[in-house]
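work10.cif, holding mmCIF, C-alpha atoms:
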data_query
loop_
_atom_site.label_atom_id
_atom_site.label_comp_id
_atom_site.auth_asym_id
_atom_site.auth_seq_id
_atom_site.Cartn_x
_atom_site.Cartn_y
_atom_site.Cartn_z
CA MET A 1 -12.06 -9.99 6.86
CA LYS A 2 -11.56 -7.48 9.68
CA THR A 3 -10.33 -3.93 8.99
CA THR A 4 -9.28 -1.60 11.82
CA PRO A 5 -7.66 1.86 11.94
CA ALA A 6 -4.01 1.94 13.00
CA HIS A 7 -3.29 2.92 16.59
CA ILE A 8 0.05 4.74 16.44
CA VAL A 9 1.57 4.63 19.92
CA ARG A 10 4.88 6.38 19.23
CA GLU A 11 6.93 8.10 16.53
CA TYR A 12 10.73 8.14 16.20
CA GLY A 13 12.64 10.73 14.18
CA PRO A 14 13.12 12.34 11.81
CA PHE A 15 16.86 12.00 12.39
CA ASP A 16 19.51 14.54 11.39
CA ASP A 17 21.21 13.79 8.05
CA LYS A 18 18.96 10.74 7.49
CA PRO A 19 16.54 11.89 4.77
CA GLY A 20 14.41 8.74 4.61
CA VAL A 21 13.64 5.32 6.04
CA HIS A 22 13.92 2.51 3.49
CA GLY A 23 13.85 -0.60 5.71
CA VAL A 24 13.31 -1.43 9.39
CA SER A 25 14.38 -4.23 11.73
CA PHE A 26 14.59 -4.93 15.47
CA ASP A 27 17.23 -7.04 17.23
CA GLY A 28 15.51 -7.17 20.62
CA ARG A 29 17.47 -4.16 21.91
CA GLN A 30 17.79 -1.68 19.05
CA LEU A 31 15.72 -0.51 16.14
CA TRP A 32 17.61 -0.56 12.84
CA PHE A 33 16.70 1.45 9.77
CA ALA A 34 18.16 1.76 6.30
CA SER A 35 18.81 5.27 5.00
CA GLY A 36 20.54 4.78 1.66
CA ASP A 37 24.23 4.82 2.54
CA HIS A 38 24.00 3.81 6.21
CA LEU A 39 22.29 1.26 8.45
CA ASN A 40 21.36 3.05 11.66
CA ALA A 41 20.67 1.86 15.22
CA VAL A 42 18.12 3.64 17.44
CA ASP A 43 17.43 3.14 21.15
CA PRO A 44 13.68 2.33 21.25
CA ASP A 45 13.32 3.76 24.76
CA SER A 46 15.02 7.13 24.33
CA GLY A 47 14.46 7.43 20.58
CA ARG A 48 18.08 8.52 20.13
CA LEU A 49 20.30 7.50 17.24
CA GLN A 50 23.05 5.28 18.72
CA ARG A 51 25.37 4.61 15.78
CA ALA A 52 25.49 4.07 12.03
CA LEU A 53 27.13 1.35 9.93
CA ASP A 54 28.71 2.51 6.69
CA VAL A 55 26.97 0.08 4.32
CA GLN A 56 24.64 0.46 1.35
CA ALA A 57 21.08 0.21 2.64
CA HIS A 58 18.48 0.83 -0.05
CA ALA A 59 15.45 -1.21 1.00
CA GLY A 60 14.42 -3.98 3.44
CA THR A 61 16.36 -4.92 6.58
CA ALA A 62 16.23 -8.13 8.65
CA PHE A 63 17.85 -9.74 11.71
CA ASP A 64 18.29 -13.49 12.28
CA GLY A 65 19.30 -13.37 15.94
CA ARG A 66 22.97 -12.78 15.14
CA TYR A 67 23.41 -11.07 11.77
CA LEU A 68 21.70 -8.26 9.90
CA TYR A 69 20.55 -8.65 6.31
CA GLN A 70 20.22 -5.61 4.10
CA ILE A 71 18.92 -5.13 0.56
CA ALA A 72 21.27 -3.05 -1.59
CA ASP A 73 20.17 -2.74 -5.22
CA ASN A 74 19.94 -6.32 -6.57
CA ARG A 75 21.66 -8.12 -3.70
CA ILE A 76 21.15 -8.95 -0.03
CA GLN A 77 24.13 -8.31 2.24
CA LYS A 78 24.78 -10.35 5.39
CA ILE A 79 26.29 -7.92 7.91
CA ASP A 80 28.07 -8.24 11.25
CA PRO A 81 26.18 -5.73 13.45
CA ASP A 82 29.22 -5.20 15.69
CA THR A 83 31.69 -4.21 12.96
CA GLY A 84 29.54 -3.39 9.92
CA ALA A 85 31.52 -5.89 7.85
CA VAL A 86 29.67 -7.42 4.89
CA LEU A 87 30.24 -11.16 5.33
CA SER A 88 28.52 -12.43 2.18
CA THR A 89 25.91 -11.53 -0.42
CA ILE A 90 23.16 -13.33 -2.32
CA PRO A 91 21.11 -12.07 -5.29
CA THR A 92 17.60 -10.79 -4.79
CA PRO A 93 14.80 -12.49 -6.73
CA GLU A 94 13.73 -10.66 -9.87
CA ASP A 95 16.66 -8.24 -9.60
CA GLY A 96 15.38 -6.27 -6.61
CA GLY A 97 13.19 -6.22 -3.53
CA ALA A 98 11.40 -4.09 -0.96
CA GLY A 99 10.59 -5.52 2.48
CA LEU A 100 12.74 -8.15 4.21
CA THR A 101 12.38 -10.27 7.34
CA TRP A 102 13.72 -13.46 8.91
CA ALA A 103 11.44 -16.31 10.02
CA GLU A 104 11.48 -20.09 10.14
CA GLY A 105 15.13 -20.28 9.07
CA SER A 106 14.51 -18.31 5.88
CA LEU A 107 14.48 -14.79 4.51
CA TRP A 108 11.14 -13.43 3.30
CA ILE A 109 11.38 -10.66 0.72
CA GLY A 110 8.69 -8.42 -0.73
CA GLN A 111 8.59 -7.63 -4.43
CA HIS A 112 7.12 -4.16 -4.66
CA ARG A 113 5.48 -3.79 -8.06
CA ALA A 114 5.23 -7.53 -8.65
CA ARG A 115 2.94 -7.73 -5.59
CA LYS A 116 4.67 -10.86 -4.32
CA ILE A 117 6.41 -12.23 -1.23
CA HIS A 118 9.15 -14.82 -1.74
CA ARG A 119 10.56 -17.15 0.89
CA ILE A 120 14.23 -17.59 -0.02
CA ASP A 121 17.23 -19.64 1.06
CA PRO A 122 19.53 -17.29 3.07
CA GLU A 123 22.66 -19.04 1.79
CA THR A 124 21.90 -19.18 -1.95
CA GLY A 125 18.99 -16.85 -2.62
CA ALA A 126 16.98 -19.70 -4.16
CA ILE A 127 13.21 -19.15 -4.07
CA LEU A 128 11.53 -21.72 -1.79
CA ASN A 129 7.95 -20.48 -2.02
CA THR A 130 5.97 -17.51 -3.39
CA ILE A 131 2.67 -15.93 -2.40
CA GLU A 132 0.89 -13.06 -4.13
CA SER A 133 -0.63 -9.87 -2.77
CA LYS A 134 -3.35 -7.59 -4.15
CA ARG A 135 -1.27 -4.44 -3.54
CA PHE A 136 2.34 -3.22 -3.75
CA VAL A 137 4.42 -4.88 -1.00
CA THR A 138 6.72 -2.48 0.89
CA GLY A 139 7.51 -4.38 4.08
CA VAL A 140 7.30 -7.90 5.50
CA THR A 141 7.35 -9.24 9.06
CA TRP A 142 6.22 -12.09 11.29
CA LEU A 143 4.53 -11.60 14.65
CA ASN A 144 3.64 -14.56 16.90
CA GLY A 145 3.42 -16.96 13.96
CA GLU A 146 1.48 -14.53 11.76
CA LEU A 147 2.77 -13.23 8.41
CA TRP A 148 2.14 -9.51 7.88
CA HIS A 149 3.11 -7.18 5.07
CA ALA A 150 2.88 -3.46 4.45
CA THR A 151 1.47 -1.82 1.33
CA TRP A 152 1.88 1.57 -0.32
CA GLU A 153 -0.21 2.28 -3.39
CA ASN A 154 -2.23 5.26 -4.63
CA ASP A 155 -1.07 7.33 -1.62
CA ARG A 156 -2.48 4.81 0.85
CA SER A 157 -0.81 2.29 3.14
CA ASP A 158 -2.04 -0.51 5.31
CA LEU A 159 -0.68 -3.50 7.21
CA ARG A 160 -2.07 -6.87 6.13
CA GLN A 161 -2.08 -10.25 7.80
CA VAL A 162 -2.04 -12.94 5.14
CA ASP A 163 -2.05 -16.72 5.08
CA PRO A 164 1.63 -17.71 4.65
CA ARG A 165 0.68 -20.63 2.37
CA THR A 166 -1.91 -19.04 0.09
CA GLY A 167 -1.55 -15.28 0.53
CA ALA A 168 -5.25 -14.98 1.42
CA LEU A 169 -6.00 -11.72 3.24
CA LEU A 170 -7.01 -12.31 6.88
CA GLN A 171 -7.13 -8.79 8.35
CA SER A 172 -6.04 -5.25 7.59
CA VAL A 173 -4.86 -2.27 9.66
CA GLU A 174 -5.32 1.02 7.81
CA MET A 175 -2.70 3.73 8.27
CA PRO A 176 -3.81 7.39 8.50
CA ALA A 177 -3.73 9.56 5.40
CA GLY A 178 -0.17 10.62 4.63
CA ALA A 179 1.43 7.93 6.84
CA MET A 180 3.07 5.85 4.13
CA VAL A 181 4.87 2.61 5.08
CA SER A 182 8.29 1.92 3.53
CA GLY A 183 9.43 -0.93 5.80
CA LEU A 184 7.91 -3.18 8.44
CA GLU A 185 9.11 -5.12 11.49
CA SER A 186 7.54 -6.33 14.73
CA ASP A 187 8.84 -6.27 18.29
CA GLY A 188 7.91 -9.95 18.64
CA VAL A 189 5.19 -9.11 21.16
CA ASP A 190 2.41 -6.73 20.13
CA ARG A 191 3.78 -3.83 18.06
CA PHE A 192 4.83 -3.11 14.52
CA PHE A 193 7.60 -0.68 13.56
CA CYS A 194 6.70 1.05 10.30
CA GLY A 195 9.23 2.95 8.20
CA GLY A 196 7.89 6.31 7.11
CA GLY A 197 9.67 6.77 3.79
CA GLY A 198 10.58 10.35 3.00
CA SER A 199 9.17 11.61 6.31
CA GLY A 200 12.25 10.16 8.00
CA LYS A 201 10.07 8.74 10.78
CA ILE A 202 9.49 5.30 12.25
CA ARG A 203 5.98 4.77 13.64
CA ALA A 204 5.15 2.16 16.29
CA VAL A 205 1.69 0.69 15.66
CA GLN A 206 -0.23 -1.49 18.13
CA ARG A 207 -1.28 -4.87 16.81
CA PRO A 208 -5.10 -5.03 16.94
CA LYS A 209 -6.54 -7.36 19.57
#

Entire entry expressed as structure tokens:
Amino acid sequence: MKTTPAHIVREYGPFDDKPGVHGVSFDGRQLWFASGDHLNAVDPDSGRLQRALDVQAHAGTAFDGRYLYQIADNRIQKIDPDTGAVLSTIPTPEDGGAGLTWAEGSLWIGQHRARKIHRIDPETGAILNTIESKRFVTGVTWLNGELWHATWENDRSDLRQVDPRTGALLQSVEMPAGAMVSGLESDGVDRFFCGGGGSGKIRAVQRPK
């Protein structure tokens, strides 16, 4: 199993009046991050905050190519990114969740203290499959067919590629001391966007070659 140090290529934020980053997504044009009572869009080139949707946004964020999905307490909201309207909701597994991403027609949700990742039906919330992790799961993403998740435990964070069927650890990218990861998304090419929790930052990390 290969372990490499994280190569942070850029930092975004902190942003005024946005005390923390609780979930991260990317729609191909804008970075989105959850900050408690708003879902915020950032221009990834300029780093400027573009707009904010007035929705509850407590944990993981995802994008399916048309709609945003946002964890709020024990539910997942399906959101129109143009208007901010909540179109529907489904329950989270086990009454909560951390990371969230969209892949292969499903939502994938991290269970923080349970150390699990569930694949769930986006219409009903039914659990389709579950894999287990060795550490707290705080973010989930896919990059070029690879399943990755973030961890945050004992004041350490890393990014882990795992087998999507078994959960077996394939490689790890270790974040620097103090750079905790509270949400995870990829750009679909070669970078990860890592939520920085209470720092209010989003860090772009190069995928190791």

Could you check the closest approach to Gly99 (chain A) for each of A:Ala126, A:Leu184, A:Ala52, A:Ile79 and tell me which residue wins, using all atoms listed in the file?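 That would be A:Leu184, the residue with the smallest distance to Gly99 (chain A).
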
Determine, counting only C-alpha atoms, which protein, DNA and RNA residues have an atom within 9 Å of an atom of Ala177 (chain A); residues of the same chain fewer than 5 positions away are not included. Present the result as a ChimeraX atom specification. /A:155-157

Residue selection dump (C-alpha atoms) as a short mmCIF file (atom, residue, chain, number, x, y, z; two decimals), in the frame of the given file:
data_model
loop_
_atom_site.label_atom_id
_atom_site.label_comp_id
_atom_site.auth_asym_id
_atom_site.auth_seq_id
_atom_site.Cartn_x
_atom_site.Cartn_y
_atom_site.Cartn_z
CA ASP A 155 -1.07 7.33 -1.62
CA ARG A 156 -2.48 4.81 0.85
CA SER A 157 -0.81 2.29 3.14
#

Expanded to explicit residues, what is the PyMOL selection byres ((chain A and resi 117) around 8) for this file, as a list in words?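 Applying the expression gives Trp108, Ile109, Gly110, Gln111, Arg115, Lys116, His118, Arg119, Thr130, Ile131, Glu132, Ser133 and Val137 of chain A.
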
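Checking A:Gln56, A:Gly200, A:Gly139, A:Val205 one by one against Tyr12 (chain A), counting all atoms listed in the file, you find the shortest gap at A:Gly200.
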
Closest of A:Arg29, A:Leu87, A:Asn40, A:Asp82 to Asp16 (chain A) - atom-to-atom distances counting all atoms listed in the file: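 Among the listed residues, the smallest separation from Asp16 (chain A) belongs to A:Asn40.
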
Which residues are near Thr138 (chain A)? Cut-off 9 Å, only C-alpha atoms, ignore same chain within fewer than 5 positions. Put them as number ranges by chain. A: 23, 59-60, 97-100, 110-112, 149-152, 181-184

Computed gap from CA of Ile76 (chain A) to CA of Pro91 (chain A) is 6.1 Å

What would the selection look like, as a list in words, if the PyMOL selection byres ((chain A and resi 44) around 10) were run on the coordinates I just shared? Arg10, Tyr12, Phe26, Gly28, Arg29, Gln30, Leu31, Trp32, Ala41, Val42, Asp43, Asp45, Ser46, Gly47, Arg48, Leu49 and Ala204 of chain A

Box for region 189-194 of chain A: with edges along x, y and z, all listed atoms inside and 4 Å added on each side, what are the centre and edge lengths in Å to one decimal, as lines of an AutoDock Vina configuration file?
center_x = 5.0
center_y = -4.0
center_z = 15.7
size_x = 13.2
size_y = 18.2
size_z = 18.9

For CA of Thr92 (chain A) and CA of Ala179 (chain A), the interatomic separation in Å (one decimal):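 CA of Ala179 (chain A) lies at a distance of 27.3 Å from CA of Thr92 (chain A).
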
Starting from the shown file, work through the PyMOL selection byres ((chain A and resi 90) around 10) and note down what comes out as a short mmCIF file (atom, residue, chain, number, x, y, z; two decimals) with C-alpha atoms, in the coordinates of the input.
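Result went into part17.cif, see below:
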data_model
loop_
_atom_site.label_atom_id
_atom_site.label_comp_id
_atom_site.auth_asym_id
_atom_site.auth_seq_id
_atom_site.Cartn_x
_atom_site.Cartn_y
_atom_site.Cartn_z
CA ILE A 71 18.92 -5.13 0.56
CA ASN A 74 19.94 -6.32 -6.57
CA ARG A 75 21.66 -8.12 -3.70
CA ILE A 76 21.15 -8.95 -0.03
CA GLN A 77 24.13 -8.31 2.24
CA LYS A 78 24.78 -10.35 5.39
CA SER A 88 28.52 -12.43 2.18
CA THR A 89 25.91 -11.53 -0.42
CA PRO A 91 21.11 -12.07 -5.29
CA THR A 92 17.60 -10.79 -4.79
CA PRO A 93 14.80 -12.49 -6.73
CA ASP A 121 17.23 -19.64 1.06
CA PRO A 122 19.53 -17.29 3.07
CA GLU A 123 22.66 -19.04 1.79
CA THR A 124 21.90 -19.18 -1.95
CA GLY A 125 18.99 -16.85 -2.62
CA ALA A 126 16.98 -19.70 -4.16
#

Name the closest residue to Glu94 (chain A) among the candidates A:Ile127, A:Gly196, A:Pro81, A:Arg66; distances are taken between atoms, counting all atoms listed in the file.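 Checking each of A:Ile127, A:Gly196, A:Pro81, A:Arg66 against Glu94 (chain A), counting all atoms listed in the file, the winner is A:Ile127.
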
Nearest residue to Pro14 (chain A) from the set A:Gly197, A:Lys134, A:Tyr67, A:Leu143 (distances using all atoms listed in the file):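 The closest residue to Pro14 (chain A) is A:Gly197.
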
Here CA of Ala62 (chain A) and CA of Val140 (chain A) stand apart by 9.5 Å

A:Arg207, A:His38, A:Lys201, A:Arg113: which is nearest Val173 (chain A), counting all atoms listed in the file?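 Of A:Arg207, A:His38, A:Lys201, A:Arg113, the one nearest Val173 (chain A), counting all atoms listed in the file, is A:Arg207.
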
Residue neighbourhood Glu185 (chain A), 7 Å, all atoms listed in the file, exclusion window fewer than 2 positions, as a PyMOL selection string: chain A and resi 24-26+140-141+187+192-194

Residue subset to file, keeping C-alpha atoms, as a short mmCIF file (atom, residue, chain, number, x, y, z; two decimals), keeping the file's coordinate frame:
data_model
loop_
_atom_site.label_atom_id
_atom_site.label_comp_id
_atom_site.auth_asym_id
_atom_site.auth_seq_id
_atom_site.Cartn_x
_atom_site.Cartn_y
_atom_site.Cartn_z
CA VAL A 24 13.31 -1.43 9.39
CA SER A 25 14.38 -4.23 11.73
CA PHE A 26 14.59 -4.93 15.47
CA VAL A 140 7.30 -7.90 5.50
CA THR A 141 7.35 -9.24 9.06
CA ASP A 187 8.84 -6.27 18.29
CA PHE A 192 4.83 -3.11 14.52
CA PHE A 193 7.60 -0.68 13.56
CA CYS A 194 6.70 1.05 10.30
#
